[in-house]
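Undergrad: Structure file run_12.txt (compact mmCIF, C-alpha atoms (C1' of nucleotides)) right here:
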# COMPACT_ATOMS: atom_id res chain seq x y z
CA MET A 1 21.72 31.55 8.36
CA ASN A 2 20.48 30.61 4.93
CA ILE A 3 19.88 27.01 4.00
CA GLY A 4 23.24 26.54 2.29
CA ILE A 5 25.20 27.63 5.34
CA ILE A 6 23.30 25.51 7.81
CA ALA A 7 23.39 22.53 5.49
CA ARG A 8 27.16 22.74 5.38
CA ARG A 9 27.43 23.17 9.14
CA ALA A 10 25.08 20.26 9.78
CA ASP A 11 26.86 18.20 7.15
CA LEU A 12 23.65 17.50 5.26
CA PRO A 13 22.69 18.10 1.62
CA THR A 14 20.64 21.22 1.04
CA LYS A 15 17.98 19.04 -0.46
CA THR A 16 17.70 17.07 2.74
CA VAL A 17 17.38 20.15 4.93
CA ARG A 18 14.61 21.43 2.66
CA TYR A 19 12.97 18.02 2.78
CA TYR A 20 13.06 17.99 6.57
CA ALA A 21 11.42 21.41 6.52
CA ASP A 22 8.76 20.18 4.09
CA ILE A 23 7.78 17.27 6.31
CA GLY A 24 7.91 19.41 9.42
CA LEU A 25 10.76 17.54 11.03
CA VAL A 26 13.06 20.54 11.46
CA LEU A 27 11.38 23.80 10.56
CA PRO A 28 13.35 26.98 9.85
CA SER A 29 13.00 29.60 12.57
CA GLY A 30 11.63 32.01 9.97
CA ARG A 31 11.66 33.31 6.45
CA SER A 32 13.43 36.33 4.99
CA SER A 33 11.52 39.00 3.14
CA ALA A 34 12.48 37.24 -0.09
CA GLY A 35 11.09 33.95 1.20
CA TYR A 36 14.45 32.39 2.10
CA ARG A 37 14.43 29.88 4.95
CA ILE A 38 16.30 31.24 7.95
CA TYR A 39 17.88 28.97 10.53
CA SER A 40 19.38 29.54 13.96
CA GLU A 41 21.79 27.60 16.16
CA ILE A 42 18.85 25.73 17.67
CA GLU A 43 17.90 24.21 14.32
CA LEU A 44 21.55 23.48 13.69
CA ASN A 45 21.60 21.29 16.78
CA LYS A 46 18.39 19.58 15.76
CA LEU A 47 19.68 18.89 12.26
CA ARG A 48 22.89 17.43 13.63
CA PHE A 49 20.86 15.34 16.04
CA VAL A 50 18.70 14.02 13.22
CA ARG A 51 21.69 13.28 11.02
CA SER A 52 23.24 11.28 13.81
CA ALA A 53 20.04 9.38 14.60
CA ARG A 54 19.50 8.64 10.88
CA SER A 55 23.02 7.28 10.65
CA PHE A 56 22.05 4.88 13.42
CA GLY A 57 19.26 3.66 11.21
CA PHE A 58 16.36 5.35 12.98
CA THR A 59 13.61 6.13 10.49
CA VAL A 60 12.53 9.70 9.95
CA GLU A 61 9.43 9.05 12.06
CA GLU A 62 11.55 7.63 14.85
CA CYS A 63 13.72 10.72 14.56
CA ARG A 64 10.61 12.81 14.97
CA GLU A 65 9.81 10.99 18.18
CA LEU A 66 13.39 11.21 19.42
CA LEU A 67 13.45 14.89 18.57
CA GLY A 68 10.32 15.35 20.64
CA LEU A 69 12.07 13.75 23.57
CA TYR A 70 15.21 15.72 22.82
CA GLU A 71 13.25 18.93 23.12
CA ASP A 72 11.16 17.92 26.09
CA ARG A 73 12.95 18.89 29.27
CA ASN A 74 10.47 16.87 31.32
CA ARG A 75 10.82 13.55 29.57
CA SER A 76 12.20 10.58 31.42
CA SER A 77 15.24 8.75 30.14
CA ARG A 78 13.07 5.63 30.22
CA ASP A 79 11.21 6.79 27.12
CA VAL A 80 14.42 7.34 25.23
CA LYS A 81 15.86 4.03 26.30
CA ARG A 82 12.75 2.26 25.13
CA LEU A 83 13.21 3.62 21.59
CA ALA A 84 16.89 2.74 21.60
CA GLN A 85 16.08 -0.78 22.77
CA GLN A 86 13.50 -1.18 20.01
CA ARG A 87 16.09 -0.18 17.47
CA ILE A 88 18.60 -2.59 18.98
CA ASN A 89 16.05 -5.36 18.69
CA GLN A 90 15.40 -4.46 15.07
CA ILE A 91 19.10 -4.58 14.35
CA GLU A 92 19.51 -7.92 16.08
CA GLY A 93 16.58 -9.36 14.15
CA LYS A 94 17.98 -8.15 10.88
CA MET A 95 21.40 -9.53 11.68
CA ALA A 96 20.01 -12.94 12.55
CA GLU A 97 18.13 -12.94 9.27
CA LEU A 98 21.21 -11.95 7.31
CA GLN A 99 23.25 -14.55 9.13
CA SER A 100 20.98 -17.38 8.07
CA LEU A 101 20.82 -16.07 4.49
CA HIS A 102 24.57 -15.83 4.52
CA ASP A 103 25.08 -19.35 5.78
CA GLU A 104 22.67 -20.87 3.31
CA LEU A 105 24.14 -18.97 0.43
CA VAL A 106 27.69 -19.90 1.40
CA ARG A 107 26.61 -23.52 1.60
CA LEU A 108 25.14 -23.30 -1.89
CA ALA A 109 28.18 -21.51 -3.27
CA ASP A 110 30.56 -24.00 -1.68
CA SER A 111 28.73 -26.87 -3.29
CA CYS A 112 29.16 -25.26 -6.71
CA HIS A 113 32.40 -26.05 -8.47
CA GLY A 114 32.23 -22.75 -10.38
CA ASP A 115 33.77 -23.86 -13.64
CA ASP A 116 32.69 -24.21 -17.23
CA ARG A 117 30.33 -27.06 -16.60
CA ALA A 118 26.63 -26.35 -16.70
CA ASP A 119 25.66 -28.26 -13.61
CA CYS A 120 25.11 -25.74 -10.84
CA PRO A 121 23.87 -26.58 -7.34
CA ILE A 122 23.13 -22.92 -6.68
CA LEU A 123 20.43 -22.80 -9.33
CA THR A 124 18.93 -26.10 -8.33
CA GLY A 125 19.09 -24.98 -4.71
CA LEU A 126 17.26 -21.76 -5.55
CA SER A 127 14.56 -23.48 -7.53
CA LYS A 128 13.40 -25.51 -4.54
CA MET B 1 -3.84 -21.60 -15.07
CA ASN B 2 -5.21 -18.17 -14.24
CA ILE B 3 -3.18 -15.75 -12.20
CA GLY B 4 -4.90 -16.55 -8.91
CA ILE B 5 -4.08 -20.24 -9.17
CA ILE B 6 -0.46 -19.80 -10.10
CA ALA B 7 0.00 -17.13 -7.46
CA ARG B 8 -1.21 -19.57 -4.82
CA ARG B 9 0.95 -22.37 -6.15
CA ALA B 10 4.02 -20.12 -6.32
CA ASP B 11 3.20 -18.69 -2.90
CA LEU B 12 3.24 -15.12 -4.18
CA PRO B 13 0.61 -12.37 -4.02
CA THR B 14 -1.41 -11.98 -7.20
CA LYS B 15 -0.25 -8.38 -7.35
CA THR B 16 3.36 -9.49 -7.40
CA VAL B 17 2.83 -11.98 -10.21
CA ARG B 18 1.13 -9.26 -12.22
CA TYR B 19 3.99 -6.90 -11.42
CA TYR B 20 6.56 -9.45 -12.59
CA ALA B 21 4.60 -9.76 -15.83
CA ASP B 22 4.50 -5.96 -16.21
CA ILE B 23 8.27 -5.62 -15.88
CA GLY B 24 8.86 -8.60 -18.12
CA LEU B 25 10.50 -10.73 -15.44
CA VAL B 26 8.10 -13.67 -15.75
CA LEU B 27 5.69 -13.32 -18.63
CA PRO B 28 2.52 -15.38 -18.89
CA SER B 29 2.60 -17.99 -21.62
CA GLY B 30 -0.44 -16.36 -23.18
CA ARG B 31 -3.75 -14.62 -22.76
CA SER B 32 -7.26 -16.02 -22.81
CA SER B 33 -9.86 -14.64 -25.20
CA ALA B 34 -11.08 -12.45 -22.35
CA GLY B 35 -7.58 -11.09 -21.78
CA TYR B 36 -6.79 -13.19 -18.71
CA ARG B 37 -3.12 -14.01 -18.17
CA ILE B 38 -2.50 -17.72 -18.65
CA TYR B 39 0.41 -19.52 -17.02
CA SER B 40 1.93 -22.95 -17.44
CA GLU B 41 4.13 -25.16 -15.25
CA ILE B 42 7.20 -23.53 -16.76
CA GLU B 43 6.23 -20.12 -15.42
CA LEU B 44 5.35 -21.74 -12.13
CA ASN B 45 8.94 -22.93 -11.81
CA LYS B 46 10.25 -19.51 -12.75
CA LEU B 47 8.03 -17.77 -10.23
CA ARG B 48 9.12 -20.12 -7.48
CA PHE B 49 12.72 -19.58 -8.48
CA VAL B 50 12.28 -15.82 -8.31
CA ARG B 51 10.51 -15.98 -4.97
CA SER B 52 13.36 -18.01 -3.57
CA ALA B 53 16.03 -15.74 -4.99
CA ARG B 54 14.21 -12.65 -3.73
CA SER B 55 14.01 -14.19 -0.29
CA PHE B 56 17.79 -14.48 -0.43
CA GLY B 57 17.90 -10.75 -0.99
CA PHE B 58 18.73 -10.74 -4.67
CA THR B 59 17.26 -7.66 -6.34
CA VAL B 60 14.74 -8.04 -9.11
CA GLU B 61 17.43 -7.18 -11.65
CA GLU B 62 19.73 -9.80 -10.18
CA CYS B 63 16.82 -12.23 -10.38
CA ARG B 64 16.47 -11.34 -14.02
CA GLU B 65 20.11 -12.22 -14.54
CA LEU B 66 19.85 -15.42 -12.51
CA LEU B 67 16.73 -16.36 -14.42
CA GLY B 68 18.63 -15.89 -17.63
CA LEU B 69 21.28 -18.30 -16.38
CA TYR B 70 18.57 -20.60 -15.08
CA GLU B 71 17.08 -20.83 -18.54
CA ASP B 72 20.35 -21.01 -20.40
CA ARG B 73 21.37 -24.62 -20.84
CA ASN B 74 24.83 -23.54 -21.98
CA ARG B 75 25.80 -21.29 -19.08
CA SER B 76 28.74 -22.15 -16.92
CA SER B 77 28.32 -22.57 -13.21
CA ARG B 78 31.08 -19.96 -12.86
CA ASP B 79 28.67 -17.20 -13.85
CA VAL B 80 26.16 -18.26 -11.28
CA LYS B 81 28.77 -18.60 -8.57
CA ARG B 82 30.00 -15.10 -9.29
CA LEU B 83 26.54 -13.65 -8.63
CA ALA B 84 26.17 -15.68 -5.47
CA GLN B 85 29.57 -14.52 -4.24
CA GLN B 86 28.66 -10.89 -4.92
CA ARG B 87 25.55 -11.32 -2.85
CA ILE B 88 27.52 -12.98 -0.07
CA ASN B 89 29.90 -10.04 -0.03
CA GLN B 90 26.97 -7.61 0.14
CA ILE B 91 25.53 -9.52 3.05
CA GLU B 92 28.83 -9.57 4.88
CA GLY B 93 29.23 -5.84 4.39
CA LYS B 94 25.77 -5.14 5.65
CA MET B 95 26.31 -7.35 8.67
CA ALA B 96 29.52 -5.59 9.60
CA GLU B 97 27.74 -2.27 9.34
CA LEU B 98 24.86 -3.44 11.48
CA GLN B 99 27.29 -4.89 14.00
CA SER B 100 29.01 -1.57 14.59
CA LEU B 101 25.69 0.27 14.80
CA HIS B 102 24.51 -2.35 17.23
CA ASP B 103 27.56 -2.08 19.45
CA GLU B 104 27.48 1.70 19.56
CA LEU B 105 23.79 1.76 20.33
CA VAL B 106 24.12 -0.85 23.06
CA ARG B 107 26.91 1.18 24.58
CA LEU B 108 24.69 4.25 24.59
CA ALA B 109 21.73 2.35 25.98
CA ASP B 110 23.82 0.74 28.71
CA SER B 111 25.03 4.12 29.85
CA CYS B 112 21.43 5.29 30.25
CA HIS B 113 19.82 4.48 33.59
CA GLY B 114 16.37 4.44 31.97
CA ASP B 115 14.35 5.81 34.87
CA ASP B 116 12.27 8.92 35.54
CA ARG B 117 15.18 11.27 35.55
CA ALA B 118 15.65 13.57 32.61
CA ASP B 119 19.36 13.07 32.16
CA CYS B 120 19.87 10.74 29.21
CA PRO B 121 23.22 9.78 27.74
CA ILE B 122 21.52 8.41 24.63
CA LEU B 123 20.27 11.82 23.59
CA THR B 124 23.51 13.56 24.39
CA GLY B 125 25.33 10.78 22.56
CA LEU B 126 23.16 11.25 19.50
CA SER B 127 23.59 14.99 19.45
CA LYS B 128 27.33 14.76 19.01
C1' DT C 1 23.70 51.59 -13.32
C1' DG C 2 24.09 47.21 -15.54
C1' DC C 3 25.75 42.53 -15.42
C1' DC C 4 26.87 38.04 -13.81
C1' DA C 5 27.80 34.28 -10.62
C1' DT C 6 26.01 32.17 -6.89
C1' DG C 7 22.42 30.67 -4.25
C1' DA C 8 17.68 30.68 -3.12
C1' DT C 9 12.65 29.27 -4.35
C1' DT C 10 8.90 25.87 -5.98
C1' DC C 11 7.53 21.97 -8.60
C1' DC C 12 7.69 17.59 -10.68
C1' DC C 13 9.88 13.15 -11.88
C1' DG C 14 12.34 9.05 -10.57
C1' DC C 15 14.16 5.30 -7.72
C1' DA C 16 12.77 -0.35 -5.64
C1' DA C 17 9.49 -3.43 -5.30
C1' DC C 18 5.73 -3.73 -4.55
C1' DT C 19 0.61 -2.80 -2.13
C1' DG C 20 -4.04 -0.96 -1.97
C1' DG C 21 -7.98 0.56 -4.13
C1' DA C 22 -11.30 2.07 -7.76
C1' DA C 23 -13.97 1.08 -11.84
C1' DG C 24 -15.23 -2.20 -14.70
C1' DG C 25 -15.35 -6.86 -17.50
C1' DT C 26 -15.83 -12.34 -17.11
C1' DC C 27 -17.19 -16.77 -15.58
C1' DA C 28 -19.61 -20.49 -13.28
C1' DA C 29 -23.34 -21.63 -10.60
C1' DT C 30 -27.76 -21.01 -8.67
C1' DA D 1 -31.14 -13.06 -14.04
C1' DT D 2 -28.25 -12.36 -10.49
C1' DT D 3 -24.84 -13.21 -7.34
C1' DG D 4 -19.98 -13.71 -6.04
C1' DA D 5 -15.50 -14.73 -7.08
C1' DC D 6 -12.24 -13.72 -10.22
C1' DC D 7 -9.98 -11.04 -13.70
C1' DT D 8 -8.55 -6.52 -16.15
C1' DT D 9 -6.26 -1.71 -16.26
C1' DC D 10 -4.87 2.40 -14.14
C1' DC D 11 -3.63 5.53 -10.42
C1' DA D 12 -1.66 6.59 -6.07
C1' DG D 13 1.14 5.73 -2.09
C1' DT D 14 5.10 3.83 0.36
C1' DT D 15 10.76 5.69 2.26
C1' DG D 16 14.04 9.32 1.97
C1' DC D 17 15.64 11.70 -0.59
C1' DG D 18 18.35 13.23 -5.56
C1' DG D 19 18.18 15.45 -10.18
C1' DG D 20 16.83 18.95 -12.86
C1' DA D 21 13.94 22.87 -14.75
C1' DA D 22 12.23 27.51 -14.47
C1' DT D 23 12.41 31.53 -11.90
C1' DC D 24 13.83 35.03 -8.41
C1' DA D 25 17.27 37.34 -5.06
C1' DT D 26 21.75 38.94 -3.61
C1' DG D 27 26.20 40.86 -3.73
C1' DG D 28 30.32 42.32 -6.01
C1' DC D 29 32.58 44.48 -9.94
C1' DA D 30 33.22 47.49 -14.16
Here is a file; write its structure as structure tokens.

TA:
Amino acid sequence: MNIGIIARRADLPTKTVRYYADIGLVLPSGRSSAGYRIYSEIELNKLRFVRSARSFGFTVEECRELLGLYEDRNRSSRDVKRLAQQRINQIEGKMAELQSLHDELVRLADSCHGDDRADCPILTGLSK
Amino acid sequence: MNIGIIARRADLPTKTVRYYADIGLVLPSGRSSAGYRIYSEIELNKLRFVRSARSFGFTVEECRELLGLYEDRNRSSRDVKRLAQQRINQIEGKMAELQSLHDELVRLADSCHGDDRADCPILTGLSK
DNA sequence: TGCCATGATTCCCGCAACTGGAAGGTCAAT
DNA sequence: ATTGACCTTCCAGTTGCGGGAATCATGGCA
């Protein structure tokens, strides 16, 4: 399969597939005589795996690690769970942060009458 | 005040203050004969304002807009409230997104026994 | 056989918001 | 005079690609 075909089947932009090849995340199985990247079903699975992991917010480097585990038939599920738990912790941290930002901002916005007057508690709140 | 002083007082890295000057977000009030950036209390307030707004997740361009309102004695609080509400909506969207990622990932992690065995529902879950 | 559309290649730039580092000039104090 | 802290500019790197240029390959049709 050429890059266009596999990109469509993996539901990824061609550019992204090429990028993953460049950084050695998912290498093509070979090259044609004209230099075209050639992919097999194995890479298709890897690309789909990476797309899924990326959509969960794993970084490319985390995907690399996950992919290593994905390929390693001898890995323990403990290792995978550890990465997933890390990511869960990251998400929870980010959510807590957003929650407090949200609450503070809502408080500021609520205290602002939002009309033609110049007095604005949001600005004074931000300048402190 | 030289850049080091104002950076400390605004609680920002020197690099950041210089960057804000480069992009015209907060310009120094002048330059010394040796070419040093010189700042006054006015810029100090602006830098603190920007730091605060950035910490609320406003982009630099949004900060530029907020700063414009901050400086404009004739602006209506409506304009400011609109920006704050936009940001609140962004935050709420992001939180909803993170929440669903979180829930899915927790579900995957819970289904994984996390021991020495190779079988791992997280990986199979990610590859679909 | 020639032509053209489509798809492949590499390479470089740009994004956001900085951060780090190099090479060099300035200032105050010893 | 020399140190050391501070300042300057410029260049490169970060993350994960996307856009676009210039060029080459492939396959079908007249």

Undergrad: Find the smallest box with edges along x, y and z containing every listed atom of range 14-22 of chain C, then add 5 Å on each side and report centre and edge lengths in Å to one decimal, as lines of an AutoDock Vina configuration file.

TA:
center_x = 1.4
center_y = 2.7
center_z = -6.3
size_x = 35.5
size_y = 22.8
size_z = 18.6

Undergrad: Extract, using all atoms listed in the file, all DNA, RNA and protein residues at most 10 Å from Leu105 in chain A, discarding same-chain residues fewer than 4 positions from it, and format them as a count of residues only.

TA: 15

Undergrad: Residues of chain A within 9 Å of chain D, counting all atoms listed in the file - could you list those as a list in words?

TA: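 Taking all atoms listed in the file into account, Lys15, Thr16, Tyr19, Ala34, Thr59 and Val60 of chain A sit within 9 Å of chain D.
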
Undergrad: Residues of chain A no more than 7 Å from chain B, counting all atoms listed in the file: send them over as a PyMOL selection string.

TA: chain A and resi 48-49+52-53+56+70+73-78+81+84+88+91+95+98+101-102+105+109+112+114-120+123+126-127

Undergrad: Within 10 Å of chain B, which residues of chain C show up? Give each one with its shortest atom-to-atom distance in Å (one decimal) and the two atoms involved, counting all atoms listed in the file, rows by chain then rising residue number, as a tab-separated table.

TA:
residue	atom	partner	partner_atom	distance
C:DA16	C1'	B:Thr59	CA	8.6
C:DA17	C1'	B:Val60	CA	8.0
C:DC18	C1'	B:Thr16	CA	6.8
C:DT19	C1'	B:Lys15	CA	7.7
C:DG20	C1'	B:Lys15	CA	9.9
C:DG25	C1'	B:Ala34	CA	8.5
C:DT26	C1'	B:Ala34	CA	7.1

Undergrad: Next, write the just-selected residues to a file, as a compact mmCIF listing (two decimals), keeping the file's coordinate frame, keeping C-alpha atoms (C1' of nucleotides) as the atom set.

TA:
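Wrote again_28.txt, looks like this:
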# COMPACT_ATOMS: atom_id res chain seq x y z
C1' DA C 16 12.77 -0.35 -5.64
C1' DA C 17 9.49 -3.43 -5.30
C1' DC C 18 5.73 -3.73 -4.55
C1' DT C 19 0.61 -2.80 -2.13
C1' DG C 20 -4.04 -0.96 -1.97
C1' DG C 25 -15.35 -6.86 -17.50
C1' DT C 26 -15.83 -12.34 -17.11

Undergrad: Taking the point (-1.1, -15.0, -11.7) as given in the file, collect each protein or nucleic acid residue that comes within 8 Å of it, counting all atoms listed in the file, and present the set as a list in words.

TA: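 Taken together, the residues in range are Met1, Asn2, Ile3, Gly4, Ile5, Ile6, Ala7, Thr14, Lys15, Val17, Arg18, Arg37, Ile38 and Tyr39 of chain B.
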
Undergrad: Quote the spacing between CA of Ser40 in chain B and CA of Val26 in chain B in Å to one decimal place.

TA: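 Taking CA of Ser40 in chain B and CA of Val26 in chain B, their separation equals 11.3 Å.
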
Undergrad: Please indicate the distance in Å from CA of Phe58 in chain B to CA of Gly30 in chain B, rounded to one decimal place.

TA: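 About the pair CA of Phe58 in chain B and CA of Gly30 in chain B: they are 27.2 Å apart.
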
Undergrad: Report the distance between C1' of DC4 in chain C and CA of Arg9 in chain A in Å, rounded to one decimal place.

TA: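 So the two atoms, C1' of DC4 in chain C and CA of Arg9 in chain A, lie 27.4 Å apart.
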
Undergrad: Where atoms are absent from range 97-117 of chain A, fill them in so it carries N, CA and C atoms, then output it as a short mmCIF file (atom, residue, chain, number, x, y, z; two decimals), in the frame of the given file.

TA:
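Once written, selection30.cif looks like this:
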data_model
loop_
_atom_site.label_atom_id
_atom_site.label_comp_id
_atom_site.auth_asym_id
_atom_site.auth_seq_id
_atom_site.Cartn_x
_atom_site.Cartn_y
_atom_site.Cartn_z
N GLU A 97 18.67 -12.61 10.59
CA GLU A 97 18.13 -12.94 9.27
C GLU A 97 19.26 -13.00 8.23
N LEU A 98 20.09 -11.98 8.26
CA LEU A 98 21.21 -11.95 7.31
C LEU A 98 22.16 -13.11 7.54
N GLN A 99 22.34 -13.45 8.81
CA GLN A 99 23.25 -14.55 9.13
C GLN A 99 22.77 -15.86 8.50
N SER A 100 21.46 -16.11 8.60
CA SER A 100 20.98 -17.38 8.07
C SER A 100 21.01 -17.36 6.54
N LEU A 101 20.69 -16.19 5.95
CA LEU A 101 20.82 -16.07 4.49
C LEU A 101 22.25 -16.33 4.09
N HIS A 102 23.15 -15.71 4.81
CA HIS A 102 24.57 -15.83 4.52
C HIS A 102 25.02 -17.29 4.55
N ASP A 103 24.64 -17.97 5.62
CA ASP A 103 25.08 -19.35 5.78
C ASP A 103 24.54 -20.25 4.67
N GLU A 104 23.27 -20.04 4.36
CA GLU A 104 22.67 -20.87 3.31
C GLU A 104 23.32 -20.61 1.96
N LEU A 105 23.57 -19.33 1.72
CA LEU A 105 24.14 -18.97 0.43
C LEU A 105 25.58 -19.48 0.31
N VAL A 106 26.32 -19.40 1.40
CA VAL A 106 27.69 -19.90 1.40
C VAL A 106 27.68 -21.41 1.15
N ARG A 107 26.73 -22.07 1.78
CA ARG A 107 26.61 -23.52 1.60
C ARG A 107 26.35 -23.86 0.14
N LEU A 108 25.43 -23.09 -0.47
CA LEU A 108 25.14 -23.30 -1.89
C LEU A 108 26.37 -23.02 -2.75
N ALA A 109 27.03 -21.90 -2.46
CA ALA A 109 28.18 -21.51 -3.27
C ALA A 109 29.32 -22.52 -3.12
N ASP A 110 29.49 -23.03 -1.90
CA ASP A 110 30.56 -24.00 -1.68
C ASP A 110 30.31 -25.30 -2.45
N SER A 111 29.03 -25.62 -2.61
CA SER A 111 28.73 -26.87 -3.29
C SER A 111 28.83 -26.73 -4.81
N CYS A 112 29.07 -25.50 -5.26
CA CYS A 112 29.16 -25.26 -6.71
C CYS A 112 30.62 -25.21 -7.11
N HIS A 113 30.99 -26.00 -8.09
CA HIS A 113 32.40 -26.05 -8.47
C HIS A 113 32.85 -24.79 -9.18
N GLY A 114 31.89 -24.04 -9.78
CA GLY A 114 32.23 -22.75 -10.38
C GLY A 114 33.18 -22.83 -11.55
N ASP A 115 32.93 -23.76 -12.45
CA ASP A 115 33.77 -23.86 -13.64
C ASP A 115 32.91 -23.77 -14.89
N ASP A 116 33.40 -24.33 -15.96
CA ASP A 116 32.69 -24.21 -17.23
C ASP A 116 31.51 -25.17 -17.37
N ARG A 117 31.43 -26.09 -16.46
CA ARG A 117 30.33 -27.06 -16.60
C ARG A 117 28.99 -26.39 -16.30
#
